[in-house]
Every structure is written in structure tokens, then in C-alpha cells.
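**Q** Submitted below is the structure of interest, expressed as C-alpha cells.
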Amino acid sequence: MSLPRIIVLGAGLGGTIAAYEIREATKGRAEVMVVSDTDDYWFVPSNPWVAVRWREPDAIRVHLPPVMKKRGIGFINVGCTRVHPTENRLDLGDGSMMMYDYLVIATGPELAFDEVKGLGPDGHTVSVCRTDHASHAADDFDAFCANPGPIVVGAAQGASCFGPAYEFALILDTELRKRKIRDQVPMTFVTSEPYIGHLGLDGVGDTKGLLESEMRNRHIKWVTNARITGVDDGMMHVEEVAEDGTVKKAHDLPFGYSMILPAFRGVKAVFGIEGLTNPRGFILADKHQRNPNFKNIYSLGVCVAIPPIGPTPVPVGVPKTGFMIESMVTAVAHNLASELDGKDPCEIPSWNAVCLADFGDGGVAFVAQPQIPPRNVNWASQGKWVHLAKVGFEKYFIHKVRSGTSEPLYEKLALQVLGINKLKQTTKGAA
């Protein structure tokens with residue numbers, strides 16, 4: 001008899017680590033395969049560094065086929081054009097199809113630049129969402145520095161990933177000071193968040209105070225509750241929205257260089273599949289990361305549907321941070337192992353968040369347990385140590401991907417000592 005086939009759809013942060021961990025958890029009881037539209041893994045958190053040439057793209061790239069082969073994981077690089085959950089089938093980019101017994105969707109998002117006229121690399125702003133985007137952003141930044149002017153950085157309405165916007169604004173400030181041209185560059189931060197440091201999480205610890213102070217010290221102005229109505233060459237049109245939804249003030253912001261993070265939506269391969277996705281194309285999942293309608297489909301990472309924390313004047317999504325995604329990975333791997341044993345899924349990801357936001361010469365770190373409030377731990381701090389920690393984490397995580405390891409023993413022990421768990425710890429109630 002052939003082994004049951006588990007397909008991991010996507011080879012980003014979540015999909016790559018999921019393939020390693022699922023392979024380990026199932027211990028040869030299943031065939032594990034990855035379907036991706038690329039041969040390479042890119043360490044996306046380093047993209048802001050690529051955009052100012054603190055990193056070259058190849059330094060954050062891992063070529064996956066030999067690593068997957070060494071780990072006994074199948075790898076197909078033609079991508080998926082459509083998922084057919086009622087048939088347990090994938091349509092692939094080369095016209096072929098593939099059947100599965102279990103599917104783990106880890107595609108990441110589609111970048112919805114088109115929802116704002118003039119936004120994105122095909123419009124008038126640059127991006128750090130992908131490494132190739134960041135590489136082009138570096139070319140544009142070099143040209144900008146030869147003829148400096150205003151900079152606008154931020155996140156559009158509906159965005160759910162705010163950390164890289166703060167990082168990039170403050171990294172730009174650091175680099176401009178190194179080049180001795182900061183005094184020629186007025187900077188404005190534009191965000192759909194209701195306040196600086198909200199992060200789509202209603203803040204973590206005092207991220208509001210820490211980030212506001214950092215931006216004041218660096219002479220970066222900001223517009224919150226911002227809705228970008230359009231971007232022309234060298235001019236961004238922004239509406240500042242009041243609490244009641246009316247337009248409080250209109251801003252026309254000139255720029256010589258701009259990076260705006262877009263809203264996300266689900267990829268075309270899953271978009272609009274009834275019972276699988278929500279209206280934005282994100283995958284529906286229960287507390288075990290399993291789809292409530294198609295029981296053999298799991299999901300993890302940015303593609304997972306998570307409702308906003310609460311109403312805001314301008315739409316704000318919830319971020320899926322690195323450690324939160326890793327907790328989803330561990331839960332999915334354990335639950336698939338249980339299913340292969342004929343048991344029901346029982347593991348629940350903790351959704352804890354541990355984040356390092358680098359500013360080039362310092363940064364802000366925060367721990368949120370869980371990421372969604374109310375929390376058991378709600379802590380944030382800042383200092384030069386954060387930059388050093390981010391550099392160390394980059395090297396460590398890329399090493400994990402290159403070695404085909406999800407969680408080395410020493411990492412597991414360190415997390416236990418710190419009391420940071422990937423799986424939700426159940427407690428018995430009082431008698």
C-alpha cells in the first residue's frame with residue numbers, strides 16, 4: 001500500500017519549516033511533498049536591509065531542492081493554479097494535476113497593490129514585501145540619494161503587516177544620516193492604524209510611547225487613520241479619517257521616494273472557494289488550524305483568516321508574525337501525526353509573538369502571549385541590543401532552513417526556560 005500523501009502548498013517561512021516539521025512528526029508514515037512556484041527560500045524579514053544595500057539578495061537566499069531531497073521531502077517548483085478541495089486535487093502550473101490525502105496551505109498572500117491607484121512597484125512606490133522588490137527599491141534609493149527630497153513610508157488601508165513599515169522608515173533615517181543627507185529629506189509616516197504603535201494588535205506593552213518617541217527624536221512626522229486615495233508620480237493623496245468615519249483632513253504629500261505596504265488578499269489558487277476561504281480569500285481554520293468544512297486541509301501563516309481585533313476608522317488587519325506562524329506549524333505537524341494514528345487533532349497553537357523591529361542603530365522588541373489580546377504577557381523594550389539580536393536571528397534562521405531543521409533541541413530548551421510555548425498549554429480547572 002502507498003503511504004498517504006501530505007502536500008505543503010508554499011515554500012515561504014511557514015511552508016518550508018512546516019515541511020521539515022511534518023516530515024519529522026510523521027516519521028516515514030506519510031509521503032511529504034512541497035509545491036512551490038519558486039526553487040528558493042528568501043528570508044523576508046531582511047528585505048528592508050536589502051533595500052538600503054545592507055544585504056545582498058543572495059545572502060538571504062536558500063536553494064531548496066537539494067535541502068528537501070536530503071530530508072526525504074518531494075519538491076515541485078511549477079506552482080499551483082487551483083485547489084479543488086472536493087476532489088483532493090491540485091491543478092499545477094505545467095498543466096498537470098496532483099492528488100493529496102492531506103493538504104497544508106502555506107501560500108502567503110497576494111499583494112493587493114491594485115486596490116490603490118498608483119501604488120506599488122508597477123506604480124509610483126517601492127516595496128519590501130518580496131526580495132526582488134527590495135532589490136529594485138535599492139536601485140531607486142541610490143538614485144534618490146543623488147537628488148534627495150521628501151520621503152513617505154507607511155502602510156495602506158487594509159494592511160496587516162506594519163512592523164516592516166516602521167523598520168524601513170527608521171532604517172532609512174539611519175542610512176540617510178550615514179550619508180550625511182538626512183537634513184535634506186523631510187520624512188512622513190502614513191498608516192491606517194488608529195495610533196502609532198498599534199501594529200494591528202492594539203499595541204504591545206508601550207509600543208505607542210516607544211515608537212512615537214523614536215519618530216519624534218528622528219524628526220519623522222506622521223498621519224494616522226490614513227486612507228490613501230491615490231498616488232501620482234511624486235505626490236501621494238491621503239485622507240485622514242475621524243472616529244466617525246468622516247474625512248478629518250486631506251493631505252497631498254510630495255515625495256521623491258516612497259515605500260507603502262499594501263493590503264493582502266488570498267492567492268488566486270484558493271480565492272473564492274466556498275467553505276475554504278473568507279471573502280478576502282484567506283483560509284478558514286478552526287483552533288487546530290484545520291478547515292471546518294474540508295477536514296483534510298490545514299493552513300498556516302499569512303494566508304490564514306483572522307478577524308480584526310476591533311473596529312477602527314480605517315480598516316486594519318491582524319499581522320501573522322514569525323513566531324506565531326511557527327506555533328501554527330508545530331500544531332499542524334502534531335495534528336497530522338495524530339490523524340495518521342487514527343486520532344482527532346488535539347493541539348492548539350499558542351499564537352505567541354516574539355518580535356524584533358530593527359532600526360539600524362537600535363530597535364524595539366516585544367513579547368505578546370498570546371498575540372491577540374487580552375494577554376498573559378504584554379511587554380516591549382528598546383535598545384541597541386535589538387539590532388544585534390536581529391542580525392543574530394537572521395543568521396540563525398537561515399542556518400535552520402539550510403540544514404533542514406525546524407527546531408533544534410537547544411532552541412526548544414531555551415524557549416522552555418523563557419516560558420515561551422508554541423503549543424497552548426491546557427490547565428485543569430479547580431475542583
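The chains in the C-alpha cells are called A, B, ... from first to last as shown; in each chain the residues are counted from 1, and the ligands are counted from 1 in the order shown.
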Would you list the contacts of A:Val126 as number ranges by chain, taking every protein, DNA or RNA residue within 9 Å and counting only C-alpha atoms, but skipping same-chain residues closer than 2 positions in sequence?
**A** A: 119-124, 128, 133-134, 136-137, 140, 257-261
**Q** Okay, now the selection with N, CA, C and O atoms, as a tab-separated table (two decimals), in the first residue's frame?
**A**
```
chain	number	residue	atom	x	y	z
A	119	LEU	N	-0.21	52.63	-6.64
A	119	LEU	CA	0.60	52.05	-5.57
A	119	LEU	C	1.43	50.89	-6.10
A	119	LEU	O	0.98	50.12	-6.96
A	120	GLY	N	2.63	50.73	-5.57
A	120	GLY	CA	3.42	49.54	-5.82
A	120	GLY	C	4.50	49.70	-6.87
A	120	GLY	O	4.62	50.74	-7.52
A	121	PRO	N	5.32	48.64	-7.04
A	121	PRO	CA	6.44	48.69	-7.99
A	121	PRO	C	6.03	48.96	-9.42
A	121	PRO	O	6.84	49.47	-10.20
A	122	ASP	N	4.79	48.60	-9.79
A	122	ASP	CA	4.31	48.93	-11.13
A	122	ASP	C	3.69	50.33	-11.19
A	122	ASP	O	3.26	50.78	-12.25
A	123	GLY	N	3.63	50.99	-10.02
A	123	GLY	CA	3.12	52.35	-9.95
A	123	GLY	C	4.25	53.31	-9.58
A	123	GLY	O	5.29	53.34	-10.23
A	124	HIS	N	4.04	54.03	-8.48
A	124	HIS	CA	4.99	55.09	-8.13
A	124	HIS	C	5.67	54.89	-6.78
A	124	HIS	O	6.42	55.77	-6.34
A	128	VAL	N	9.00	46.41	-0.05
A	128	VAL	CA	9.94	45.49	0.59
A	128	VAL	C	9.25	44.17	0.92
A	128	VAL	O	9.74	43.39	1.72
A	133	HIS	N	11.50	42.85	-5.05
A	133	HIS	CA	11.01	44.22	-4.87
A	133	HIS	C	12.05	45.05	-4.14
A	133	HIS	O	12.33	46.20	-4.52
A	134	ALA	N	12.59	44.50	-3.05
A	134	ALA	CA	13.56	45.24	-2.24
A	134	ALA	C	14.82	45.56	-3.02
A	134	ALA	O	15.42	46.63	-2.85
A	136	HIS	N	15.00	46.13	-6.29
A	136	HIS	CA	14.66	47.28	-7.14
A	136	HIS	C	14.53	48.56	-6.31
A	136	HIS	O	14.92	49.64	-6.77
A	137	ALA	N	14.03	48.42	-5.08
A	137	ALA	CA	13.92	49.58	-4.19
A	137	ALA	C	15.30	50.15	-3.87
A	137	ALA	O	15.46	51.37	-3.70
A	140	ASP	N	16.36	52.34	-6.74
A	140	ASP	CA	15.64	53.62	-6.68
A	140	ASP	C	16.18	54.50	-5.56
A	140	ASP	O	16.25	55.74	-5.69
A	257	TYR	N	10.75	59.65	-2.89
A	257	TYR	CA	10.93	58.19	-2.67
A	257	TYR	C	9.85	57.77	-1.69
A	257	TYR	O	9.60	58.46	-0.69
A	258	SER	N	9.19	56.65	-1.97
A	258	SER	CA	8.11	56.20	-1.09
A	258	SER	C	8.00	54.68	-1.08
A	258	SER	O	8.12	54.04	-2.13
A	259	MET	N	7.78	54.14	0.11
A	259	MET	CA	7.51	52.71	0.27
A	259	MET	C	6.24	52.57	1.11
A	259	MET	O	6.20	53.01	2.25
A	260	ILE	N	5.23	51.96	0.52
A	260	ILE	CA	3.95	51.74	1.20
A	260	ILE	C	3.61	50.25	1.16
A	260	ILE	O	3.58	49.65	0.08
A	261	LEU	N	3.37	49.67	2.32
A	261	LEU	CA	2.94	48.27	2.37
A	261	LEU	C	1.47	48.19	1.98
A	261	LEU	O	0.65	48.96	2.46
```
**Q** Rank nothing, just name the residue among A:Pro292, A:Gly362, A:Gly74, A:Pro66 nearest to A:Lys390, using only C-alpha atoms.
**A** A:Gly362
**Q** Tell me, in Å to one decimal, how far atom CA of A:Phe264 is from atom CA of A:Leu111.
**A**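 Atom-to-atom, atom CA of A:Phe264 and atom CA of A:Leu111 are spaced 5.1 Å apart.
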**Q** Could you pull out the residues in stretch 211-372 of chain A that DSSP calls strand (DSSP E or B) from the backbone, as a ChimeraX atom specification?
**A** /A:220-223,226-232,235-241,247-254,257-261,264-265,277,283,290,297-299,304,349,353-358,363-369
**Q** Identify which of the residues A:Gly149, A:Ala380, A:Trp42, A:Leu9 lies closest to A:Leu92, counting only C-alpha atoms when measuring atom-to-atom distances.
**A**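 Comparing A:Gly149, A:Ala380, A:Trp42, A:Leu9 against A:Leu92, the winner is A:Leu9.
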**Q** Apply DSSP to the structure's backbone, then extract all residues of stretch 118-333 of chain A labelled alpha helix (DSSP H) and return them as a PyMOL selection string.
**A** chain A and resi 131-146+163-178+207-217+322-333
**Q** Write out as a PyMOL selection string the residues lying within 12 Å of A:Glu24, counting only C-alpha atoms and excluding same-chain residues fewer than 6 positions away.
**A** chain A and resi 17-18+30-32+71-73+330+333-334+336-337+404-408
**Q** Pull the closest atom pair for each residue of stretch 272-367 of chain A that gets at most 9 Å from stretch 179-198 of chain A, along with the distance in Å to one decimal, counting only C-alpha atoms, ordering rows by chain and then ascending residue number, as CSV.
**A**
```
residue,atom,partner,partner_atom,distance
A:Thr312,CA,A:Pro194,CA,6.6
A:Pro313,CA,A:Pro194,CA,7.2
A:Val314,CA,A:Ser192,CA,5.7
A:Pro315,CA,A:Ser192,CA,6.9
A:Val316,CA,A:Glu193,CA,6.3
```
**Q** Restricting the calculation to only C-alpha atoms: of A:Ala250, A:Val270, A:Leu13, A:Leu64, which residue gets closest to A:Ile228?
**A**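 Using only C-alpha atoms, the shortest distance to A:Ile228 belongs to A:Ala250.
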**Q** For atom CA of A:Trp351 and atom CA of A:Tyr166, quote the distance in Å rounded to one decimal.
**A**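 Atom CA of A:Tyr166 lies at a distance of 22.2 Å from atom CA of A:Trp351.
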**Q** For each of A:Ile297, A:Gly256, A:Trp49, A:Asp132, take the minimum atom-to-atom distance to A:Asn147, counting only C-alpha atoms, then give the residue where this is smallest.
**A**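 Closest to A:Asn147, using only C-alpha atoms: A:Gly256.
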